[in-house]
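One file, my_file-v4.txt, carrying compact mmCIF, N, CA and C atoms:
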# COMPACT_ATOMS: atom_id res chain seq x y z
N MET A 1306 -8.64 20.37 33.73
CA MET A 1306 -9.40 19.30 33.14
C MET A 1306 -9.98 19.73 31.79
N THR A 1307 -10.43 20.97 31.67
CA THR A 1307 -10.98 21.43 30.40
C THR A 1307 -9.89 21.53 29.34
N GLN A 1308 -8.66 21.80 29.77
CA GLN A 1308 -7.53 21.88 28.83
C GLN A 1308 -7.29 20.52 28.18
N SER A 1309 -7.29 19.46 28.98
CA SER A 1309 -7.05 18.12 28.44
C SER A 1309 -8.24 17.66 27.59
N LEU A 1310 -9.44 18.07 27.97
CA LEU A 1310 -10.62 17.71 27.18
C LEU A 1310 -10.57 18.39 25.82
N LEU A 1311 -10.16 19.66 25.80
CA LEU A 1311 -10.02 20.38 24.54
C LEU A 1311 -8.93 19.75 23.67
N ALA A 1312 -7.82 19.39 24.29
CA ALA A 1312 -6.74 18.75 23.54
C ALA A 1312 -7.19 17.41 22.96
N ARG A 1313 -7.98 16.67 23.71
CA ARG A 1313 -8.47 15.38 23.22
C ARG A 1313 -9.43 15.57 22.05
N HIS A 1314 -10.30 16.57 22.11
CA HIS A 1314 -11.22 16.84 21.02
C HIS A 1314 -10.47 17.30 19.76
N ILE A 1315 -9.44 18.09 19.95
CA ILE A 1315 -8.63 18.53 18.80
C ILE A 1315 -7.93 17.33 18.18
N ARG A 1316 -7.40 16.45 19.00
CA ARG A 1316 -6.72 15.25 18.49
C ARG A 1316 -7.68 14.35 17.73
N VAL A 1317 -8.91 14.25 18.19
CA VAL A 1317 -9.91 13.43 17.50
C VAL A 1317 -10.32 14.08 16.18
N ALA A 1318 -10.41 15.40 16.15
CA ALA A 1318 -10.86 16.10 14.95
C ALA A 1318 -9.75 16.34 13.93
N LEU A 1319 -8.51 16.11 14.32
CA LEU A 1319 -7.38 16.42 13.44
C LEU A 1319 -7.42 15.67 12.10
N PRO A 1320 -7.72 14.36 12.02
CA PRO A 1320 -7.78 13.71 10.71
C PRO A 1320 -8.84 14.31 9.79
N ALA A 1321 -10.01 14.62 10.32
CA ALA A 1321 -11.06 15.21 9.49
C ALA A 1321 -10.66 16.61 9.03
N LEU A 1322 -10.04 17.38 9.89
CA LEU A 1322 -9.59 18.71 9.51
C LEU A 1322 -8.48 18.63 8.46
N SER A 1323 -7.59 17.66 8.60
CA SER A 1323 -6.52 17.49 7.61
C SER A 1323 -7.10 17.13 6.25
N LEU A 1324 -8.10 16.23 6.23
CA LEU A 1324 -8.75 15.87 4.98
C LEU A 1324 -9.44 17.08 4.36
N ALA A 1325 -10.09 17.90 5.18
CA ALA A 1325 -10.78 19.08 4.66
C ALA A 1325 -9.79 20.08 4.06
N VAL A 1326 -8.65 20.28 4.70
CA VAL A 1326 -7.64 21.19 4.16
C VAL A 1326 -7.06 20.64 2.86
N LEU A 1327 -6.80 19.34 2.84
CA LEU A 1327 -6.26 18.72 1.63
C LEU A 1327 -7.25 18.80 0.47
N LEU A 1328 -8.52 18.51 0.73
CA LEU A 1328 -9.53 18.60 -0.33
C LEU A 1328 -9.73 20.04 -0.79
N ALA A 1329 -9.66 21.00 0.14
CA ALA A 1329 -9.78 22.41 -0.25
C ALA A 1329 -8.64 22.80 -1.19
N ALA A 1330 -7.42 22.33 -0.92
CA ALA A 1330 -6.30 22.63 -1.80
C ALA A 1330 -6.48 21.98 -3.17
N VAL A 1331 -6.97 20.74 -3.18
CA VAL A 1331 -7.20 20.05 -4.46
C VAL A 1331 -8.29 20.76 -5.25
N PHE A 1332 -9.36 21.14 -4.59
CA PHE A 1332 -10.45 21.82 -5.29
C PHE A 1332 -10.05 23.20 -5.78
N TYR A 1333 -9.15 23.85 -5.06
CA TYR A 1333 -8.66 25.15 -5.50
C TYR A 1333 -7.81 25.00 -6.76
N MET A 1334 -6.97 23.97 -6.77
CA MET A 1334 -6.09 23.77 -7.93
C MET A 1334 -6.82 23.14 -9.11
N GLN A 1335 -7.83 22.32 -8.86
CA GLN A 1335 -8.58 21.64 -9.92
C GLN A 1335 -10.07 21.65 -9.56
N PRO A 1336 -10.79 22.71 -9.93
CA PRO A 1336 -12.20 22.82 -9.54
C PRO A 1336 -13.08 21.70 -10.08
N ARG A 1337 -12.69 21.08 -11.18
CA ARG A 1337 -13.51 20.00 -11.74
C ARG A 1337 -13.50 18.75 -10.86
N ALA A 1338 -12.58 18.68 -9.92
CA ALA A 1338 -12.54 17.54 -9.01
C ALA A 1338 -13.67 17.60 -7.98
N MET A 1339 -14.34 18.75 -7.90
CA MET A 1339 -15.40 18.93 -6.93
C MET A 1339 -16.74 18.43 -7.50
N SER A 1340 -16.75 17.18 -7.88
CA SER A 1340 -17.97 16.53 -8.39
C SER A 1340 -17.96 15.09 -7.88
N TYR A 1341 -19.04 14.39 -8.14
CA TYR A 1341 -19.13 13.00 -7.70
C TYR A 1341 -18.05 12.16 -8.37
N VAL A 1342 -17.88 12.33 -9.67
CA VAL A 1342 -16.88 11.55 -10.40
C VAL A 1342 -15.48 11.93 -9.93
N GLY A 1343 -15.22 13.21 -9.74
CA GLY A 1343 -13.91 13.65 -9.29
C GLY A 1343 -13.58 13.13 -7.90
N LEU A 1344 -14.53 13.20 -6.97
CA LEU A 1344 -14.30 12.68 -5.63
C LEU A 1344 -14.13 11.16 -5.65
N ASN A 1345 -14.91 10.50 -6.50
CA ASN A 1345 -14.78 9.05 -6.62
C ASN A 1345 -13.39 8.67 -7.12
N LEU A 1346 -12.88 9.40 -8.10
CA LEU A 1346 -11.53 9.12 -8.60
C LEU A 1346 -10.47 9.40 -7.54
N LEU A 1347 -10.67 10.45 -6.75
CA LEU A 1347 -9.69 10.79 -5.72
C LEU A 1347 -9.68 9.77 -4.59
N LEU A 1348 -10.86 9.41 -4.10
CA LEU A 1348 -10.94 8.58 -2.91
C LEU A 1348 -10.88 7.09 -3.23
N ASN A 1349 -11.11 6.71 -4.48
CA ASN A 1349 -11.06 5.30 -4.87
C ASN A 1349 -9.65 4.75 -4.71
N LEU A 1350 -8.66 5.57 -4.99
CA LEU A 1350 -7.27 5.13 -4.89
C LEU A 1350 -6.74 5.19 -3.47
N ALA A 1351 -7.51 5.74 -2.56
CA ALA A 1351 -7.05 5.87 -1.18
C ALA A 1351 -7.23 4.58 -0.39
N LEU A 1352 -8.05 3.65 -0.86
CA LEU A 1352 -8.32 2.44 -0.10
C LEU A 1352 -7.08 1.55 0.07
N PRO A 1353 -6.30 1.27 -0.98
CA PRO A 1353 -5.09 0.46 -0.74
C PRO A 1353 -4.10 1.13 0.21
N ILE A 1354 -3.99 2.43 0.13
CA ILE A 1354 -3.08 3.14 1.03
C ILE A 1354 -3.60 3.08 2.46
N ALA A 1355 -4.91 3.16 2.62
CA ALA A 1355 -5.48 3.04 3.96
C ALA A 1355 -5.23 1.65 4.54
N PHE A 1356 -5.37 0.61 3.73
CA PHE A 1356 -5.09 -0.75 4.20
C PHE A 1356 -3.61 -0.91 4.57
N ALA A 1357 -2.72 -0.35 3.76
CA ALA A 1357 -1.29 -0.43 4.06
C ALA A 1357 -0.97 0.33 5.35
N THR A 1358 -1.63 1.45 5.56
CA THR A 1358 -1.42 2.21 6.79
C THR A 1358 -1.89 1.44 8.01
N ILE A 1359 -3.03 0.77 7.89
CA ILE A 1359 -3.53 -0.04 9.00
C ILE A 1359 -2.58 -1.21 9.28
N ALA A 1360 -2.06 -1.83 8.21
CA ALA A 1360 -1.11 -2.93 8.40
C ALA A 1360 0.15 -2.44 9.11
N GLN A 1361 0.64 -1.28 8.71
CA GLN A 1361 1.83 -0.73 9.37
C GLN A 1361 1.53 -0.36 10.82
N MET A 1362 0.30 0.08 11.09
CA MET A 1362 -0.08 0.42 12.46
C MET A 1362 0.00 -0.81 13.36
N PHE A 1363 -0.44 -1.97 12.85
CA PHE A 1363 -0.37 -3.19 13.64
C PHE A 1363 1.08 -3.58 13.92
N VAL A 1364 1.94 -3.37 12.95
CA VAL A 1364 3.36 -3.70 13.13
C VAL A 1364 3.99 -2.76 14.15
N ILE A 1365 3.68 -1.49 14.06
CA ILE A 1365 4.25 -0.51 14.98
C ILE A 1365 3.71 -0.72 16.40
N THR A 1366 2.50 -1.26 16.51
CA THR A 1366 1.92 -1.51 17.83
C THR A 1366 2.78 -2.46 18.65
N ILE A 1367 3.45 -3.39 18.00
CA ILE A 1367 4.32 -4.33 18.73
C ILE A 1367 5.78 -3.89 18.69
N ASN A 1368 6.01 -2.61 18.46
CA ASN A 1368 7.35 -2.00 18.48
C ASN A 1368 8.28 -2.58 17.43
N GLU A 1369 7.78 -2.82 16.26
CA GLU A 1369 8.59 -3.28 15.14
C GLU A 1369 8.40 -2.30 13.99
N LEU A 1370 9.11 -2.53 12.90
CA LEU A 1370 9.01 -1.65 11.74
C LEU A 1370 9.04 -2.50 10.48
N ASP A 1371 8.15 -2.23 9.56
CA ASP A 1371 8.06 -2.97 8.31
C ASP A 1371 8.39 -2.03 7.16
N LEU A 1372 9.55 -2.22 6.57
CA LEU A 1372 9.97 -1.37 5.47
C LEU A 1372 9.55 -1.90 4.11
N SER A 1373 8.92 -3.07 4.07
CA SER A 1373 8.58 -3.68 2.79
C SER A 1373 7.11 -3.50 2.40
N ILE A 1374 6.33 -2.84 3.21
CA ILE A 1374 4.89 -2.74 2.92
C ILE A 1374 4.64 -1.95 1.64
N GLY A 1375 5.39 -0.91 1.40
CA GLY A 1375 5.19 -0.11 0.18
C GLY A 1375 5.54 -0.88 -1.07
N ALA A 1376 6.64 -1.63 -1.02
CA ALA A 1376 7.03 -2.44 -2.17
C ALA A 1376 6.03 -3.57 -2.40
N TYR A 1377 5.49 -4.11 -1.32
CA TYR A 1377 4.50 -5.17 -1.45
C TYR A 1377 3.21 -4.63 -2.08
N VAL A 1378 2.80 -3.45 -1.70
CA VAL A 1378 1.62 -2.82 -2.31
C VAL A 1378 1.86 -2.59 -3.80
N GLY A 1379 3.08 -2.18 -4.15
CA GLY A 1379 3.42 -2.03 -5.57
C GLY A 1379 3.36 -3.35 -6.32
N PHE A 1380 3.85 -4.42 -5.70
CA PHE A 1380 3.78 -5.75 -6.31
C PHE A 1380 2.33 -6.18 -6.51
N VAL A 1381 1.51 -5.96 -5.51
CA VAL A 1381 0.08 -6.32 -5.63
C VAL A 1381 -0.59 -5.50 -6.73
N ALA A 1382 -0.22 -4.24 -6.85
CA ALA A 1382 -0.79 -3.40 -7.91
C ALA A 1382 -0.37 -3.91 -9.29
N CYS A 1383 0.87 -4.34 -9.42
CA CYS A 1383 1.33 -4.88 -10.71
C CYS A 1383 0.62 -6.17 -11.05
N VAL A 1384 0.45 -7.05 -10.07
CA VAL A 1384 -0.28 -8.30 -10.31
C VAL A 1384 -1.74 -8.01 -10.66
N GLY A 1385 -2.33 -7.06 -9.93
CA GLY A 1385 -3.73 -6.71 -10.21
C GLY A 1385 -3.93 -6.08 -11.57
N ALA A 1386 -2.93 -5.35 -12.04
CA ALA A 1386 -3.05 -4.68 -13.34
C ALA A 1386 -2.80 -5.63 -14.50
N THR A 1387 -2.11 -6.73 -14.27
CA THR A 1387 -1.75 -7.62 -15.38
C THR A 1387 -2.42 -8.98 -15.24
N TRP A 1388 -1.89 -9.81 -14.35
CA TRP A 1388 -2.33 -11.19 -14.29
C TRP A 1388 -3.75 -11.34 -13.77
N LEU A 1389 -4.16 -10.51 -12.86
CA LEU A 1389 -5.51 -10.62 -12.32
C LEU A 1389 -6.56 -10.31 -13.38
N ARG A 1390 -6.19 -9.45 -14.33
CA ARG A 1390 -7.12 -9.10 -15.41
C ARG A 1390 -7.08 -10.14 -16.53
N ASP A 1391 -5.89 -10.57 -16.91
CA ASP A 1391 -5.75 -11.49 -18.04
C ASP A 1391 -6.02 -12.94 -17.67
N ASP A 1392 -5.51 -13.38 -16.54
CA ASP A 1392 -5.66 -14.76 -16.10
C ASP A 1392 -6.00 -14.73 -14.60
N PRO A 1393 -7.30 -14.64 -14.27
CA PRO A 1393 -7.68 -14.46 -12.86
C PRO A 1393 -7.17 -15.58 -11.94
N ALA A 1394 -7.13 -16.82 -12.42
CA ALA A 1394 -6.66 -17.91 -11.56
C ALA A 1394 -5.19 -17.71 -11.19
N LEU A 1395 -4.38 -17.35 -12.16
CA LEU A 1395 -2.96 -17.08 -11.90
C LEU A 1395 -2.80 -15.87 -10.98
N GLY A 1396 -3.61 -14.83 -11.21
CA GLY A 1396 -3.52 -13.64 -10.37
C GLY A 1396 -3.89 -13.92 -8.93
N VAL A 1397 -4.97 -14.67 -8.71
CA VAL A 1397 -5.39 -15.00 -7.35
C VAL A 1397 -4.35 -15.90 -6.68
N ALA A 1398 -3.82 -16.87 -7.43
CA ALA A 1398 -2.78 -17.74 -6.87
C ALA A 1398 -1.53 -16.95 -6.51
N THR A 1399 -1.15 -15.99 -7.34
CA THR A 1399 0.02 -15.16 -7.05
C THR A 1399 -0.21 -14.30 -5.82
N LEU A 1400 -1.39 -13.71 -5.71
CA LEU A 1400 -1.69 -12.89 -4.53
C LEU A 1400 -1.73 -13.74 -3.26
N ALA A 1401 -2.32 -14.94 -3.37
CA ALA A 1401 -2.33 -15.84 -2.21
C ALA A 1401 -0.91 -16.26 -1.83
N GLY A 1402 -0.09 -16.54 -2.82
CA GLY A 1402 1.31 -16.86 -2.54
C GLY A 1402 2.05 -15.70 -1.91
N GLY A 1403 1.74 -14.48 -2.34
CA GLY A 1403 2.36 -13.31 -1.74
C GLY A 1403 1.96 -13.14 -0.28
N VAL A 1404 0.69 -13.39 0.03
CA VAL A 1404 0.23 -13.30 1.41
C VAL A 1404 0.92 -14.37 2.27
N LEU A 1405 1.01 -15.58 1.73
CA LEU A 1405 1.69 -16.66 2.46
C LEU A 1405 3.18 -16.34 2.67
N ALA A 1406 3.83 -15.79 1.66
CA ALA A 1406 5.24 -15.42 1.80
C ALA A 1406 5.41 -14.31 2.83
N TYR A 1407 4.51 -13.34 2.83
CA TYR A 1407 4.57 -12.25 3.81
C TYR A 1407 4.38 -12.80 5.22
N ALA A 1408 3.44 -13.74 5.38
CA ALA A 1408 3.21 -14.35 6.68
C ALA A 1408 4.42 -15.18 7.10
N ALA A 1409 5.06 -15.87 6.15
CA ALA A 1409 6.25 -16.66 6.47
C ALA A 1409 7.40 -15.76 6.93
N VAL A 1410 7.53 -14.60 6.32
CA VAL A 1410 8.57 -13.66 6.74
C VAL A 1410 8.28 -13.18 8.17
N GLY A 1411 7.02 -12.89 8.46
CA GLY A 1411 6.66 -12.48 9.81
C GLY A 1411 6.92 -13.57 10.83
N ALA A 1412 6.61 -14.81 10.45
CA ALA A 1412 6.88 -15.93 11.35
C ALA A 1412 8.38 -16.13 11.55
N LEU A 1413 9.15 -15.97 10.48
CA LEU A 1413 10.61 -16.09 10.58
C LEU A 1413 11.19 -15.03 11.52
N ILE A 1414 10.70 -13.82 11.40
CA ILE A 1414 11.16 -12.74 12.28
C ILE A 1414 10.84 -13.07 13.73
N HIS A 1415 9.64 -13.58 13.97
CA HIS A 1415 9.21 -13.88 15.33
C HIS A 1415 9.96 -15.08 15.92
N VAL A 1416 10.05 -16.17 15.16
CA VAL A 1416 10.63 -17.41 15.68
C VAL A 1416 12.14 -17.27 15.88
N ARG A 1417 12.82 -16.66 14.92
CA ARG A 1417 14.28 -16.54 15.00
C ARG A 1417 14.73 -15.27 15.74
N ASN A 1418 13.77 -14.45 16.16
CA ASN A 1418 14.06 -13.20 16.87
C ASN A 1418 15.01 -12.31 16.07
N LEU A 1419 14.72 -12.15 14.79
CA LEU A 1419 15.53 -11.34 13.89
C LEU A 1419 15.08 -9.89 13.94
N PRO A 1420 15.95 -8.94 13.65
CA PRO A 1420 15.52 -7.53 13.60
C PRO A 1420 14.62 -7.31 12.38
N SER A 1421 13.42 -6.87 12.63
CA SER A 1421 12.44 -6.72 11.55
C SER A 1421 12.87 -5.68 10.53
N ILE A 1422 13.58 -4.67 10.94
CA ILE A 1422 13.97 -3.62 10.01
C ILE A 1422 14.91 -4.16 8.94
N VAL A 1423 15.80 -5.09 9.32
CA VAL A 1423 16.75 -5.66 8.37
C VAL A 1423 16.04 -6.62 7.41
N VAL A 1424 15.22 -7.50 7.97
CA VAL A 1424 14.54 -8.51 7.15
C VAL A 1424 13.56 -7.84 6.18
N THR A 1425 12.80 -6.87 6.67
CA THR A 1425 11.82 -6.24 5.79
C THR A 1425 12.48 -5.32 4.77
N LEU A 1426 13.63 -4.76 5.10
CA LEU A 1426 14.37 -4.00 4.10
C LEU A 1426 14.81 -4.92 2.96
N GLY A 1427 15.32 -6.09 3.31
CA GLY A 1427 15.68 -7.06 2.29
C GLY A 1427 14.49 -7.52 1.48
N MET A 1428 13.37 -7.75 2.15
CA MET A 1428 12.17 -8.21 1.44
C MET A 1428 11.61 -7.12 0.53
N SER A 1429 11.86 -5.87 0.86
CA SER A 1429 11.37 -4.80 -0.03
C SER A 1429 12.02 -4.91 -1.40
N PHE A 1430 13.29 -5.29 -1.43
CA PHE A 1430 13.96 -5.48 -2.72
C PHE A 1430 13.41 -6.70 -3.46
N VAL A 1431 13.04 -7.73 -2.71
CA VAL A 1431 12.42 -8.91 -3.33
C VAL A 1431 11.09 -8.54 -3.96
N TRP A 1432 10.25 -7.81 -3.22
CA TRP A 1432 8.93 -7.42 -3.74
C TRP A 1432 9.09 -6.50 -4.95
N LEU A 1433 10.06 -5.58 -4.88
CA LEU A 1433 10.29 -4.69 -6.03
C LEU A 1433 10.77 -5.47 -7.24
N GLY A 1434 11.65 -6.44 -7.03
CA GLY A 1434 12.11 -7.27 -8.14
C GLY A 1434 10.99 -8.09 -8.75
N LEU A 1435 10.13 -8.64 -7.91
CA LEU A 1435 8.99 -9.40 -8.44
C LEU A 1435 8.04 -8.49 -9.20
N ALA A 1436 7.84 -7.28 -8.71
CA ALA A 1436 6.97 -6.33 -9.41
C ALA A 1436 7.55 -5.98 -10.77
N ILE A 1437 8.87 -5.82 -10.86
CA ILE A 1437 9.50 -5.52 -12.15
C ILE A 1437 9.40 -6.71 -13.10
N LEU A 1438 9.48 -7.92 -12.56
CA LEU A 1438 9.31 -9.10 -13.41
C LEU A 1438 7.89 -9.19 -13.97
N VAL A 1439 6.91 -8.80 -13.15
CA VAL A 1439 5.51 -8.85 -13.61
C VAL A 1439 5.23 -7.72 -14.59
N LEU A 1440 5.70 -6.53 -14.30
CA LEU A 1440 5.42 -5.36 -15.12
C LEU A 1440 6.70 -4.55 -15.29
N PRO A 1441 7.50 -4.84 -16.32
CA PRO A 1441 8.83 -4.24 -16.41
C PRO A 1441 8.88 -2.77 -16.81
N THR A 1442 7.84 -2.25 -17.45
CA THR A 1442 7.88 -0.84 -17.86
C THR A 1442 6.80 -0.07 -17.12
N PRO A 1443 7.06 1.19 -16.79
CA PRO A 1443 6.12 1.95 -15.97
C PRO A 1443 4.80 2.28 -16.64
N ALA A 1444 4.74 2.33 -17.95
CA ALA A 1444 3.52 2.80 -18.61
C ALA A 1444 2.44 1.72 -18.71
N GLY A 1445 2.70 0.54 -18.21
CA GLY A 1445 1.68 -0.48 -18.25
C GLY A 1445 1.90 -1.50 -19.33
N ARG A 1446 2.94 -1.36 -20.13
CA ARG A 1446 3.22 -2.39 -21.13
C ARG A 1446 3.94 -3.53 -20.46
N ARG A 1447 3.50 -4.72 -20.77
CA ARG A 1447 4.12 -5.89 -20.15
C ARG A 1447 4.68 -6.80 -21.21
N ARG A 1448 5.61 -7.62 -20.81
CA ARG A 1448 6.19 -8.57 -21.74
C ARG A 1448 5.20 -9.70 -21.97
N THR A 1449 5.13 -10.16 -23.21
CA THR A 1449 4.26 -11.30 -23.51
C THR A 1449 5.08 -12.57 -23.68
N GLY A 1450 6.37 -12.47 -23.82
CA GLY A 1450 7.22 -13.64 -23.97
C GLY A 1450 8.61 -13.33 -23.47
N CYS A 1451 9.56 -14.16 -23.83
CA CYS A 1451 10.93 -13.98 -23.41
C CYS A 1451 11.70 -13.01 -24.29
N VAL A 1452 11.16 -12.72 -25.46
CA VAL A 1452 11.83 -11.83 -26.40
C VAL A 1452 11.53 -10.39 -26.01
N PRO A 1453 12.57 -9.54 -25.85
CA PRO A 1453 12.31 -8.15 -25.50
C PRO A 1453 11.54 -7.44 -26.62
N PRO A 1454 10.70 -6.48 -26.26
CA PRO A 1454 9.89 -5.78 -27.28
C PRO A 1454 10.73 -4.95 -28.23
Represent the structure of the file as structure tokens.
Amino acid sequence: MTQSLLARHIRVALPALSLAVLLAAVFYMQPRAMSYVGLNLLLNLALPIAFATIAQMFVITINELDLSIGAYVGFVACVGATWLRDDPALGVATLAGGVLAYAAVGALIHVRNLPSIVVTLGMSFVWLGLAILVLPTPAGRRRTGCVPP
């Protein structure tokens, strides 16, 4: 009984220990990150990844697999970096449309009993294509019209 109790405590402590090891490696390689601003910069970007991980956890709970979550997060990041800043109404409408489209894909998978791995693999290319349309170059430069820069 003590063996299983010890194993359970180790399993509960494993995420915190992993974070401590990861932060120790980061602080060793970049000591300036060991400040309030440095930690804020490191952990501020972890929130979208945590939300995507939780979303994937819900999908895996029902024995399915979603291969498009990463591409969708990239699409949301592109919309947030461009349209949400320049035209908030368009950005919010685009994000709401993306959520509705994602829900429609989930409903289609459920109603038609389609293999989620195939549908979400296809949707990952759709999300990536939409992200490229919103933000075609990696450095943050976006098109302002139909004429190439």
Quiz item: Do you know which residues are at most 7 Å from segment 1378-1388 of chain A counting all atoms listed in the file, after dropping those on the same chain fewer than 2 positions away, and could you put them as a list in words?
Solution: Ser1373, Ile1374, Gly1375, Ala1376, Arg1390, Asp1391, Asp1392, Pro1393, Ala1394, Leu1395, Gly1396, Val1397, Leu1400, Trp1432, Leu1433, Leu1435, Ala1436, Ile1437, Val1439 and Leu1440 of chain A
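One finds atom C of Gly1403 of chain A at 14.1 Å from atom CA of Gly1434 of chain A.
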Where does segment 1340-1447 of chain A meet segment 1318-1328 of chain A within 12 Å, residue by residue, with the nearest atom pair and distance in Å to one decimal for each, counting only C-alpha atoms, listed by chain and rising number, as JSON lines?
{"residue": "A:Ser1340", "atom": "CA", "partner": "A:Leu1328", "partner_atom": "CA", "distance": 11.9}
{"residue": "A:Gly1343", "atom": "CA", "partner": "A:Leu1328", "partner_atom": "CA", "distance": 11.1}
{"residue": "A:Leu1344", "atom": "CA", "partner": "A:Leu1328", "partner_atom": "CA", "distance": 9.3}
{"residue": "A:Leu1347", "atom": "CA", "partner": "A:Leu1328", "partner_atom": "CA", "distance": 9.5}
{"residue": "A:Leu1348", "atom": "CA", "partner": "A:Leu1328", "partner_atom": "CA", "distance": 10.4}
{"residue": "A:Ala1351", "atom": "CA", "partner": "A:Leu1324", "partner_atom": "CA", "distance": 11.9}
Quiz item: If you run DSSP on this backbone, which residues of chain A come out as helix (DSSP H, G or I), and could you give them as a PyMOL selection string?
Solution: chain A and resi 1307-1334+1336-1338+1341-1349+1351-1366+1374-1386+1388-1391+1393-1417+1421-1439
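Here atom N of Ser1429 of chain A and atom N of Tyr1377 of chain A stand 7.0 Å from one another.
As for atom C of Val1404 of chain A and atom CA of Pro1443 of chain A, they are spaced 25.0 Å apart.
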Which residues of segment 1333-1400 of chain A come within 7 Å of segment 1414-1426 of chain A, and for each one, what is the closest pair of atoms and their distance in Å to one decimal, counting only C-alpha atoms, sorted by chain and residue number, as a tab-separated table?
residue	atom	partner	partner_atom	distance
A:Glu1369	CA	A:Ser1421	CA	6.3
A:Leu1370	CA	A:Ile1422	CA	5.6
A:Asp1371	CA	A:Thr1425	CA	5.6
A:Leu1372	CA	A:Thr1425	CA	5.2
A:Ser1373	CA	A:Thr1425	CA	5.1
Size and centre in Å, one decimal, axis-aligned box, all listed segment 1419-1424 of chain A atoms plus 6 Å per side, as lines of an AutoDock Vina configuration file:
center_x = 14.6
center_y = -7.9
center_z = 10.5
size_x = 16.3
size_y = 20.5
size_z = 20.6
